[in-house]
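File shown: work.txt (compact mmCIF, C-alpha atoms and all ligand atoms).
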# COMPACT_ATOMS: atom_id res chain seq x y z
CA MET V 773 3.65 -56.30 5.56
CA LYS V 774 3.03 -55.16 1.96
CA ARG V 775 0.05 -53.13 3.12
CA PHE V 776 2.21 -51.46 5.77
CA ILE V 777 4.90 -50.50 3.19
CA SER V 778 2.35 -49.12 0.69
CA LEU V 779 0.69 -47.16 3.51
CA THR V 780 4.08 -45.74 4.58
CA VAL V 781 4.91 -44.75 0.99
CA LEU V 782 1.49 -43.12 0.69
CA VAL V 783 2.06 -41.11 3.86
CA ILE V 784 5.56 -40.01 2.72
CA VAL V 785 4.23 -38.92 -0.71
CA ALA V 786 1.37 -37.04 0.97
CA VAL V 787 3.75 -35.24 3.33
CA LEU V 788 6.11 -34.32 0.47
CA ALA V 789 3.25 -33.11 -1.70
CA ALA V 790 1.90 -31.02 1.18
CA GLY V 791 5.36 -29.55 1.69
CA VAL V 792 5.70 -28.65 -1.99
CA PHE V 793 2.18 -27.22 -2.03
CA GLU V 794 2.84 -25.25 1.14
CA ALA V 795 6.17 -23.93 -0.18
CA ARG V 796 4.53 -22.95 -3.48
CA ALA V 797 1.53 -21.45 -1.71
CA ALA V 798 3.85 -19.41 0.55
CA LYS V 799 5.63 -17.81 -2.43
CA PRO V 800 4.40 -14.36 -3.49
CA LYS V 801 2.50 -14.21 -6.78
CA ILE V 802 4.29 -11.81 -9.16
CA MET V 803 2.95 -10.76 -12.56
CA ILE V 804 5.45 -9.63 -15.21
CA LEU V 805 3.93 -7.14 -17.67
CA ALA V 806 6.18 -6.84 -20.75
CA THR V 807 6.31 -3.77 -23.00
CA GLY V 808 9.46 -4.47 -25.10
CA GLY V 809 12.84 -2.74 -24.96
CA THR V 810 16.39 -4.00 -25.07
CA ILE V 811 15.72 -6.51 -22.30
CA ALA V 812 13.66 -8.31 -24.97
CA GLY V 813 16.07 -7.36 -27.72
CA ALA V 814 18.03 -9.59 -30.09
CA GLN V 815 21.12 -9.01 -32.19
CA ALA V 816 20.97 -10.00 -35.86
CA LYS V 817 24.19 -11.93 -35.27
CA PRO V 818 25.90 -12.65 -31.89
CA GLY V 819 28.67 -10.18 -31.24
CA GLU V 820 27.15 -7.48 -33.43
CA ALA V 821 26.50 -4.12 -31.71
CA GLY V 822 23.24 -3.62 -33.56
CA TYR V 823 20.03 -5.21 -32.28
CA THR V 824 16.23 -4.89 -32.40
CA SER V 825 14.27 -4.03 -29.24
CA GLY V 826 11.14 -5.96 -28.36
CA THR V 827 12.03 -9.19 -30.19
CA PHE V 828 11.42 -11.70 -27.40
CA SER V 829 8.11 -12.34 -25.61
CA VAL V 830 7.43 -12.23 -21.88
CA ALA V 831 7.40 -16.06 -21.91
CA ASN V 832 10.93 -16.03 -23.37
CA LEU V 833 12.08 -13.58 -20.70
CA ILE V 834 10.71 -15.74 -17.88
CA ALA V 835 12.09 -18.96 -19.39
CA ALA V 836 15.55 -17.37 -19.63
CA VAL V 837 15.69 -16.95 -15.79
CA PRO V 838 14.64 -20.31 -14.31
CA LEU V 839 15.76 -19.21 -10.80
CA LEU V 840 12.76 -16.85 -10.71
CA GLU V 841 10.74 -19.77 -9.39
CA ASP V 842 12.86 -19.73 -6.20
CA LEU V 843 11.58 -16.20 -5.53
CA ALA V 844 7.92 -16.26 -6.50
CA GLN V 845 5.09 -17.79 -8.49
CA VAL V 846 5.69 -15.84 -11.69
CA SER V 847 3.31 -15.34 -14.60
CA GLY V 848 3.44 -12.96 -17.53
CA GLU V 849 1.38 -10.80 -19.88
CA GLN V 850 2.44 -8.96 -23.03
CA ILE V 851 1.16 -5.38 -22.85
CA ALA V 852 3.19 -4.20 -25.87
CA ASN V 853 6.45 -5.07 -27.62
CA ILE V 854 8.06 -1.77 -28.61
CA GLY V 855 11.27 0.16 -28.25
CA SER V 856 10.49 2.61 -25.47
CA GLN V 857 11.36 5.56 -27.71
CA ASP V 858 7.91 4.72 -29.14
CA MET V 859 6.18 4.60 -25.74
CA ASN V 860 2.87 6.46 -25.96
CA ASN V 861 -0.26 7.51 -24.06
CA ALA V 862 -2.24 4.47 -25.25
CA VAL V 863 0.31 2.00 -23.81
CA TRP V 864 0.70 4.11 -20.65
CA LEU V 865 -3.05 4.04 -20.00
CA LYS V 866 -3.34 0.32 -20.85
CA LEU V 867 -0.43 -0.47 -18.50
CA ALA V 868 -1.70 1.70 -15.62
CA LYS V 869 -5.25 0.34 -15.84
CA ARG V 870 -4.01 -3.29 -15.99
CA ILE V 871 -1.70 -2.74 -13.00
CA ASN V 872 -4.51 -1.25 -10.89
CA GLN V 873 -6.85 -4.06 -11.95
CA LEU V 874 -4.34 -6.81 -11.07
CA LEU V 875 -3.21 -5.27 -7.76
CA ALA V 876 -6.84 -4.89 -6.63
CA THR V 877 -7.08 -8.72 -6.51
CA PRO V 878 -5.52 -11.07 -3.89
CA GLU V 879 -4.15 -13.16 -6.80
CA VAL V 880 -1.28 -10.70 -7.40
CA ASP V 881 1.20 -9.60 -4.69
CA GLY V 882 3.44 -7.46 -6.88
CA ILE V 883 4.17 -6.47 -10.47
CA VAL V 884 7.29 -6.21 -12.60
CA VAL V 885 7.15 -4.13 -15.80
CA THR V 886 9.83 -4.90 -18.40
CA HIS V 887 10.51 -1.77 -20.42
CA GLY V 888 13.05 -0.05 -22.65
CA THR V 889 15.47 2.22 -20.83
CA ASP V 890 15.11 5.27 -23.13
CA THR V 891 11.85 6.45 -21.53
CA MET V 892 11.80 4.21 -18.46
CA GLU V 893 12.21 7.22 -16.15
CA GLU V 894 9.01 8.76 -17.55
CA THR V 895 6.90 5.60 -17.30
CA ALA V 896 8.21 4.82 -13.81
CA TYR V 897 7.28 8.30 -12.52
CA PHE V 898 3.90 8.20 -14.28
CA LEU V 899 3.09 4.86 -12.59
CA HIS V 900 4.50 6.20 -9.28
CA LEU V 901 1.75 8.85 -9.44
CA VAL V 902 -1.19 6.81 -10.79
CA VAL V 903 -0.87 3.27 -9.31
CA ASN V 904 -3.50 2.99 -6.59
CA SER V 905 -1.95 0.27 -4.41
CA ASN V 906 0.72 -0.23 -1.73
CA LYS V 907 1.85 -3.46 -3.39
CA PRO V 908 5.29 -3.24 -5.08
CA VAL V 909 5.56 -2.27 -8.76
CA VAL V 910 9.05 -2.52 -10.27
CA VAL V 911 10.10 -1.25 -13.71
CA VAL V 912 13.15 -3.02 -15.14
CA GLY V 913 15.10 -3.13 -18.37
CA SER V 914 18.59 -3.75 -19.63
CA MET V 915 21.34 -1.96 -21.51
CA ARG V 916 22.49 -5.04 -23.45
CA PRO V 917 20.18 -7.18 -25.60
CA ALA V 918 19.11 -10.60 -24.38
CA THR V 919 21.44 -12.30 -26.89
CA ALA V 920 24.53 -10.29 -25.92
CA MET V 921 27.64 -11.60 -24.09
CA SER V 922 27.19 -10.69 -20.37
CA ALA V 923 23.60 -9.59 -20.99
CA ASP V 924 22.44 -7.60 -17.95
CA GLY V 925 18.73 -8.34 -18.47
CA PRO V 926 18.44 -11.72 -16.71
CA LEU V 927 20.00 -10.54 -13.44
CA ASN V 928 18.09 -7.25 -13.60
CA LEU V 929 14.85 -9.24 -14.03
CA TYR V 930 15.79 -11.60 -11.17
CA ASN V 931 16.50 -8.62 -8.88
CA ALA V 932 13.29 -6.90 -9.98
CA VAL V 933 11.19 -9.96 -9.06
CA ALA V 934 13.06 -10.20 -5.74
CA VAL V 935 12.10 -6.58 -4.98
CA ALA V 936 8.49 -7.07 -6.11
CA ALA V 937 8.30 -10.17 -3.85
CA ASP V 938 9.84 -8.38 -0.83
CA PRO V 939 7.29 -7.32 1.85
CA GLU V 940 9.70 -4.45 2.75
CA ALA V 941 9.00 -2.95 -0.68
CA ARG V 942 5.35 -2.23 0.14
CA GLY V 943 4.24 1.38 0.43
CA ARG V 944 7.41 2.88 -1.09
CA GLY V 945 5.90 3.69 -4.48
CA VAL V 946 7.05 2.46 -7.87
CA PHE V 947 10.68 1.39 -8.32
CA VAL V 948 13.26 1.17 -11.07
CA VAL V 949 15.64 -1.75 -10.50
CA MET V 950 18.77 -1.68 -12.68
CA ASP V 951 22.42 -2.69 -12.18
CA ASP V 952 21.98 -3.96 -8.57
CA LYS V 953 20.33 -0.69 -7.47
CA ILE V 954 16.77 -0.03 -6.31
CA PHE V 955 15.63 3.49 -7.27
CA SER V 956 12.43 5.35 -6.54
CA GLY V 957 10.56 5.79 -9.83
CA ARG V 958 10.55 9.51 -9.00
CA ALA V 959 14.34 9.71 -8.89
CA ALA V 960 15.72 7.30 -11.50
CA THR V 961 17.09 8.91 -14.63
CA LYS V 962 19.16 7.60 -17.57
CA THR V 963 22.58 9.31 -17.59
CA ASP V 964 24.62 7.31 -20.15
CA THR V 965 23.76 6.18 -23.66
CA THR V 966 25.20 2.65 -23.33
CA ALA V 967 26.73 1.91 -19.88
CA VAL V 968 25.01 -0.72 -17.68
CA GLU V 969 25.33 1.71 -14.76
CA THR V 970 23.42 4.37 -16.71
CA PHE V 971 20.61 4.84 -14.17
CA GLN V 972 21.43 7.31 -11.42
CA PRO V 973 19.17 9.34 -9.10
CA MET V 974 18.51 12.96 -10.22
CA ASN V 975 19.39 14.22 -6.74
CA ARG V 976 18.28 11.58 -4.18
CA GLY V 977 16.16 8.51 -4.29
CA VAL V 978 18.27 5.37 -4.28
CA GLN V 979 15.92 3.16 -2.26
CA GLY V 980 18.36 0.36 -1.63
CA ALA V 981 20.69 -2.31 -3.04
CA ALA V 982 19.55 -5.44 -4.87
CA TYR V 983 22.26 -8.07 -4.75
CA PHE V 984 21.48 -11.43 -6.38
CA GLY V 985 17.95 -11.26 -5.01
CA LYS V 986 18.89 -10.05 -1.55
CA ASN V 987 17.65 -6.49 -0.85
CA ARG V 988 19.08 -3.88 1.50
CA TRP V 989 16.67 -0.97 2.10
CA PHE V 990 17.33 2.76 2.77
CA PRO V 991 14.77 5.31 4.12
CA PRO V 992 11.64 5.66 1.90
CA PRO V 993 10.95 8.76 -0.28
CA GLY V 994 9.03 11.69 1.25
CA GLN V 995 6.77 12.84 -1.57
CA LYS V 996 3.22 11.62 -2.14
CA HIS V 997 2.71 8.66 -4.50
CA THR V 998 0.46 5.66 -5.32
CA THR V 999 -2.32 5.39 -2.70
CA LYS V 1000 -1.57 8.90 -1.36
CA SER V 1001 -1.69 10.38 -4.87
CA GLU V 1002 -4.77 12.24 -6.14
CA PHE V 1003 -3.94 11.42 -9.76
CA ARG V 1004 -6.10 8.62 -11.22
CA VAL V 1005 -6.26 7.54 -14.89
CA ASP V 1006 -8.46 4.42 -14.67
CA LYS V 1007 -11.30 6.18 -16.45
CA ALA V 1008 -9.10 8.33 -18.72
CA GLU V 1009 -9.04 7.70 -22.48
CA THR V 1010 -6.53 10.47 -23.31
CA LEU V 1011 -3.92 12.59 -21.49
CA PRO V 1012 -3.39 16.36 -21.81
CA ARG V 1013 -0.74 17.43 -24.32
CA VAL V 1014 2.43 18.73 -22.66
CA ASP V 1015 5.61 19.39 -24.65
CA ILE V 1016 9.22 20.17 -23.77
CA VAL V 1017 11.23 23.06 -25.23
CA TYR V 1018 15.01 22.66 -25.09
CA SER V 1019 16.93 25.90 -24.63
CA TYR V 1020 20.39 26.74 -26.14
CA VAL V 1021 22.38 29.72 -27.41
CA ASN V 1022 20.21 31.94 -29.59
CA ALA V 1023 17.07 29.77 -29.11
CA PRO V 1024 14.13 31.37 -31.01
CA ARG V 1025 10.51 31.70 -29.95
CA ASP V 1026 9.27 29.66 -32.94
CA MET V 1027 9.28 26.35 -31.02
CA VAL V 1028 7.00 27.71 -28.30
CA ASP V 1029 4.62 29.41 -30.74
CA ALA V 1030 4.36 26.22 -32.83
CA LEU V 1031 3.56 24.06 -29.81
CA VAL V 1032 0.91 26.48 -28.56
CA ALA V 1033 -0.63 26.54 -32.05
CA ALA V 1034 -0.55 22.72 -32.08
CA GLY V 1035 -2.63 22.63 -28.89
CA ALA V 1036 -0.10 22.14 -26.08
CA LYS V 1037 -1.84 22.68 -22.73
CA GLY V 1038 1.47 22.71 -20.88
CA ILE V 1039 5.06 23.52 -21.85
CA VAL V 1040 8.11 22.45 -19.88
CA LEU V 1041 11.29 24.45 -20.45
CA ALA V 1042 14.49 22.35 -20.47
CA GLY V 1043 16.35 25.50 -19.64
CA VAL V 1044 20.05 26.27 -19.48
CA GLY V 1045 21.52 26.51 -15.98
CA ASP V 1046 18.93 27.25 -13.34
CA GLY V 1047 16.02 26.96 -15.77
CA ASN V 1048 16.94 30.01 -17.87
CA THR V 1049 16.45 30.74 -21.56
CA THR V 1050 16.75 33.45 -24.22
CA ASP V 1051 14.61 36.62 -24.09
CA ALA V 1052 12.83 35.40 -27.25
CA VAL V 1053 11.75 32.08 -25.68
CA LEU V 1054 10.90 33.85 -22.41
CA ALA V 1055 8.63 36.27 -24.27
CA ALA V 1056 6.85 33.40 -26.04
CA LEU V 1057 6.44 31.45 -22.77
CA THR V 1058 5.08 34.56 -21.02
CA GLU V 1059 2.51 34.98 -23.79
CA ALA V 1060 1.59 31.29 -23.59
CA ALA V 1061 1.12 31.51 -19.81
CA LYS V 1062 -1.08 34.59 -20.25
CA ASN V 1063 -3.21 32.50 -22.66
CA GLY V 1064 -3.71 29.72 -20.11
CA VAL V 1065 -0.86 27.35 -21.00
CA VAL V 1066 0.86 25.98 -17.88
CA VAL V 1067 4.57 26.84 -18.18
CA VAL V 1068 7.05 24.91 -16.02
CA ARG V 1069 10.72 25.82 -15.77
CA SER V 1070 13.07 22.85 -15.47
CA SER V 1071 16.71 22.49 -16.50
CA ARG V 1072 18.67 20.51 -19.09
CA VAL V 1073 21.62 20.11 -16.68
CA GLY V 1074 20.28 16.98 -14.97
CA HIS V 1075 21.04 17.65 -11.27
CA GLY V 1076 20.05 20.33 -8.74
CA LEU V 1077 16.75 22.11 -8.14
CA VAL V 1078 15.04 24.86 -10.14
CA ARG V 1079 13.40 27.08 -7.52
CA ARG V 1080 11.06 30.04 -7.93
CA ASN V 1081 12.15 33.64 -8.66
CA ILE V 1082 15.95 33.15 -8.78
CA GLU V 1083 16.84 34.61 -12.24
CA VAL V 1084 13.29 34.49 -13.66
CA ASP V 1085 10.40 36.27 -11.90
CA ASP V 1086 7.96 33.33 -11.80
CA ASP V 1087 5.50 35.29 -9.66
CA LYS V 1088 5.28 38.04 -12.30
CA LEU V 1089 5.22 35.73 -15.35
CA GLY V 1090 2.89 33.11 -13.89
CA PHE V 1091 5.36 30.24 -14.26
CA VAL V 1092 5.89 27.07 -12.21
CA ALA V 1093 9.35 26.05 -10.95
CA ALA V 1094 10.05 22.31 -11.36
CA GLU V 1095 12.05 22.00 -8.11
CA GLU V 1096 13.86 18.57 -8.27
CA LEU V 1097 12.20 17.25 -11.40
CA ASN V 1098 14.13 17.05 -14.67
CA PRO V 1099 12.23 18.00 -17.88
CA SER V 1100 10.92 14.51 -18.69
CA LYS V 1101 9.57 13.98 -15.16
CA ALA V 1102 8.29 17.55 -14.90
CA ARG V 1103 6.30 16.82 -18.08
CA VAL V 1104 4.69 13.77 -16.40
CA LEU V 1105 3.58 15.74 -13.34
CA THR V 1106 2.39 18.64 -15.48
CA LEU V 1107 0.17 16.46 -17.69
CA LEU V 1108 -1.39 14.78 -14.66
CA SER V 1109 -1.84 18.18 -12.93
CA LEU V 1110 -3.69 19.43 -16.02
CA MET V 1111 -6.30 16.71 -15.43
CA HIS V 1112 -7.20 18.71 -12.29
CA THR V 1113 -6.33 22.38 -12.89
CA LYS V 1114 -4.73 25.06 -15.13
CA ASP V 1115 -3.92 27.31 -12.14
CA PRO V 1116 -0.10 27.66 -11.96
CA LYS V 1117 -0.31 28.27 -8.20
CA VAL V 1118 -2.02 24.90 -7.68
CA VAL V 1119 0.39 23.20 -10.09
CA GLN V 1120 3.31 24.69 -8.17
CA GLN V 1121 1.94 23.09 -4.99
CA TYR V 1122 1.86 19.74 -6.78
CA PHE V 1123 5.57 20.19 -7.59
CA TYR V 1124 6.27 20.67 -3.88
CA GLU V 1125 4.21 17.60 -2.91
CA TYR V 1126 4.91 15.06 -5.67
N1 LIG V 1201 15.22 1.18 -28.03
C1 LIG V 1201 15.64 1.51 -26.68
C2 LIG V 1201 14.45 1.35 -25.73
O1 LIG V 1201 13.62 0.43 -25.94
C3 LIG V 1201 16.75 0.64 -26.25
C4 LIG V 1201 17.28 1.01 -24.92
C5 LIG V 1201 17.03 -0.07 -23.88
O2 LIG V 1201 15.94 -0.65 -23.74
O3 LIG V 1201 17.98 -0.26 -23.11
O4 LIG V 1201 14.37 2.13 -24.78

Show this structure as structure tokens.
Ligand code: DGL
Amino acid sequence: MKRFISLTVLVIVAVLAAGVFEARAAKPKIMILATGGTIAGAQAKPGEAGYTSGTFSVANLIAAVPLLEDLAQVSGEQIANIGSQDMNNAVWLKLAKRINQLLATPEVDGIVVTHGTDTMEETAYFLHLVVNSNKPVVVVGSMRPATAMSADGPLNLYNAVAVAADPEARGRGVFVVMDDKIFSGRAATKTDTTAVETFQPMNRGVQGAAYFGKNRWFPPPGQKHTTKSEFRVDKAETLPRVDIVYSYVNAPRDMVDALVAAGAKGIVLAGVGDGNTTDAVLAALTEAAKNGVVVVRSSRVGHGLVRRNIEVDDDKLGFVAAEELNPSKARVLTLLSLMHTKDPKVVQQYFYEY
């Protein structure tokens, strides 16, 4: 009898263990790559408005959201731990190369990048253009530090992992997940200094709704990205210098001349209205274009398209019109374009396609 009972117990334990193993094995494997930001931020004292970005590690972030294990087998790596106002080419290249390396293996089904929100829109679009995989990559952050009352980071991270683990997310490019929304990395832009709902699409590009880990999807974006992109940085050690010139009443040409002298290979105009600027800046940009600098007209207004030859004769001056892209995203596409060409006609085509 005893032998029968011990055999039965053995069988039950084996079945349970197999079930746990099978359930664990069935869960997608998601890697969280941390770079810092408010999502990893801590206040000096609870309740204080001030805080320091990039205080907590990726292990702390994962431990703070135990329900992640219901969604996926999650692991983490610390790529950097900085406020994203300090994001730079070295971290961009390290992040992009690590993402492509991880996604090329069957061990990783998707990636979440935790990041500050100040330059998240730039990193998300950069990765949207250089990640060479159809597997989901999701950039996520928070507007309140991890120690704050009603911190938004934990739920944003939970939703981000749910998107990265969702087979429906494949082939749609890189995402930004913030405040229960799923944005294309091409479209997401920060529109408020402090509000949790700060991320909005420039013109279009909300990819869906993330609601406590349940995703509702909208039609995918049209432009080329990830595996359809011709932009690759896996062998790059540096990126071309592209700067942004902000236009305003009475703006002088000095800014443009100084950037050209400093070695800018591309200049993006954050123009007034439909990508306009003063005669002085226009003259300096025309001279720069004549000397081989790629000049792209975008607008500081945040929504709407800047199209060719409306108030500025782009054909005559050799400029590129940024179409939908705001200045920070236009800068990303311009610097990647410059890895292929300095011909404004070819760069303009990239702005229609990416
Ligand atoms: N220092 C800013 C950054 O890392 C804080 C903003 C945030 O992460 O929400 O972008």

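Near ligand LIG 1201 (chain V), at distances of 8 Å or less and with all atoms listed in the file counted, sit the residues Gly808, Gly809, Thr810, Ile811, Gly813, Thr824, Ser825, Gly826, Ile854, Gly855, Ser856, Gln857, Asp858, His887, Gly888, Thr889, Asp890, Thr891, Met892, Gly913, Ser914, Met915, Arg916, Pro917 and Thr966 of chain V.
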
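Reported to one decimal place, the separation of atom CA of V:Gly980 from atom CA of V:Leu875 is 23.1 Å.
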
Around stretch 1048-1059 of chain V, with edges along x, y and z and 5 Å added on all six sides, what centre and edge lengths do you get, in Å to one decimal, as AutoDock Vina command-line options?
--center_x 9.7 --center_y 33.3 --center_z -22.6 --size_x 24.4 --size_y 16.6 --size_z 19.4

| request: Could you check how far atom CA of V:Leu1089 sits from atom CA of V:Val1067, in Å to one decimal? | output: 9.4 Å

As a short mmCIF file (atom, residue, chain, number, x, y, z; two decimals) with C-alpha atoms, in the coordinates of the input, please: the residues near stretch 961-965 of chain V (cut-off 8 Å, only C-alpha atoms, same-chain neighbours under 4 positions excluded).
data_model
loop_
_atom_site.label_atom_id
_atom_site.label_comp_id
_atom_site.auth_asym_id
_atom_site.auth_seq_id
_atom_site.Cartn_x
_atom_site.Cartn_y
_atom_site.Cartn_z
CA THR V 889 15.47 2.22 -20.83
CA ASP V 890 15.11 5.27 -23.13
CA GLU V 893 12.21 7.22 -16.15
CA GLU V 969 25.33 1.71 -14.76
CA THR V 970 23.42 4.37 -16.71
CA PHE V 971 20.61 4.84 -14.17
CA GLN V 972 21.43 7.31 -11.42
CA PRO V 973 19.17 9.34 -9.10
CA MET V 974 18.51 12.96 -10.22
#

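Here atom CA of V:Ala831 and atom CA of V:Asp1006 stand 26.9 Å from one another.
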
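Minimum atom-to-atom distance to V:Asn861, evaluated using only C-alpha atoms, belongs to V:Thr1010 out of V:Asn1081, V:Thr1010, V:Asn904, V:Thr807.
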
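Considering the residues V:Gln995, V:Ala923, V:Ala1034, V:Val935 and counting all atoms listed in the file, V:Pro818 has its shortest atom-to-atom contact with V:Ala923.
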
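Using all atoms listed in the file, the protein and nucleic acid residues lying no more than 10 Å from V:Leu1077, apart from those fewer than 4 places from it along its own chain, are Met974, Asn975, Asp1046, Gly1047, Ser1070, Ser1071, Ala1093, Ala1094, Glu1095, Glu1096, Leu1097 and Asn1098 of chain V.
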
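Using all atoms listed in the file, the smallest distance between any of V:Thr827, V:Asn860, V:Asn1022, V:Thr895 and V:Ala1052 comes from V:Asn1022.
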
| task | Name all residues at most 9 Å from V:Leu1107 (count all atoms listed in the file; drop same-chain ones fewer than 3 positions away) and give them as a list in words. | result | Leu1011, Pro1012, Arg1013, Val1014, Lys1037, Gly1038, Ala1102, Arg1103, Val1104, Leu1110 and Met1111 of chain V

| Residue nearest V:Ile883 among V:Leu1031, V:Met803, V:Leu1105, V:Ala960 (counting all atoms listed in the file) | V:Met803

| field | Shell around V:Val830 at 6 Å using all atoms listed in the file, local window under 3 positions removed, as a PyMOL selection string | value | chain V and resi 806+833+848

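Using only C-alpha atoms, the shortest contact distance between V:Asn1063 and any of V:Gly1090, V:Asp1051, V:Gly1045, V:Val968 is found at V:Gly1090.
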
| Residue neighbourhood V:Asp1087, 12 Å, all atoms listed in the file, exclusion window fewer than 3 positions, as a VMD selection string | chain V and resid 1058 1061 1079 to 1084 1090 to 1093 1116 to 1117 1120

| Residue nearest V:Thr998 - candidates V:Ser847, V:Asn928, V:Asn872, V:Thr919, atoms counted: only C-alpha atoms | V:Asn872

| said: Within 10 Å of (6.9, 10.4, -1.9) in the file's own coordinates, which protein, DNA or RNA residues have an atom, counting all atoms listed in the file? List them as an MDAnalysis selection string. | reply: chainID V and resid 900:901 943:946 956:958 977 992:998 1000:1001 1125:1126
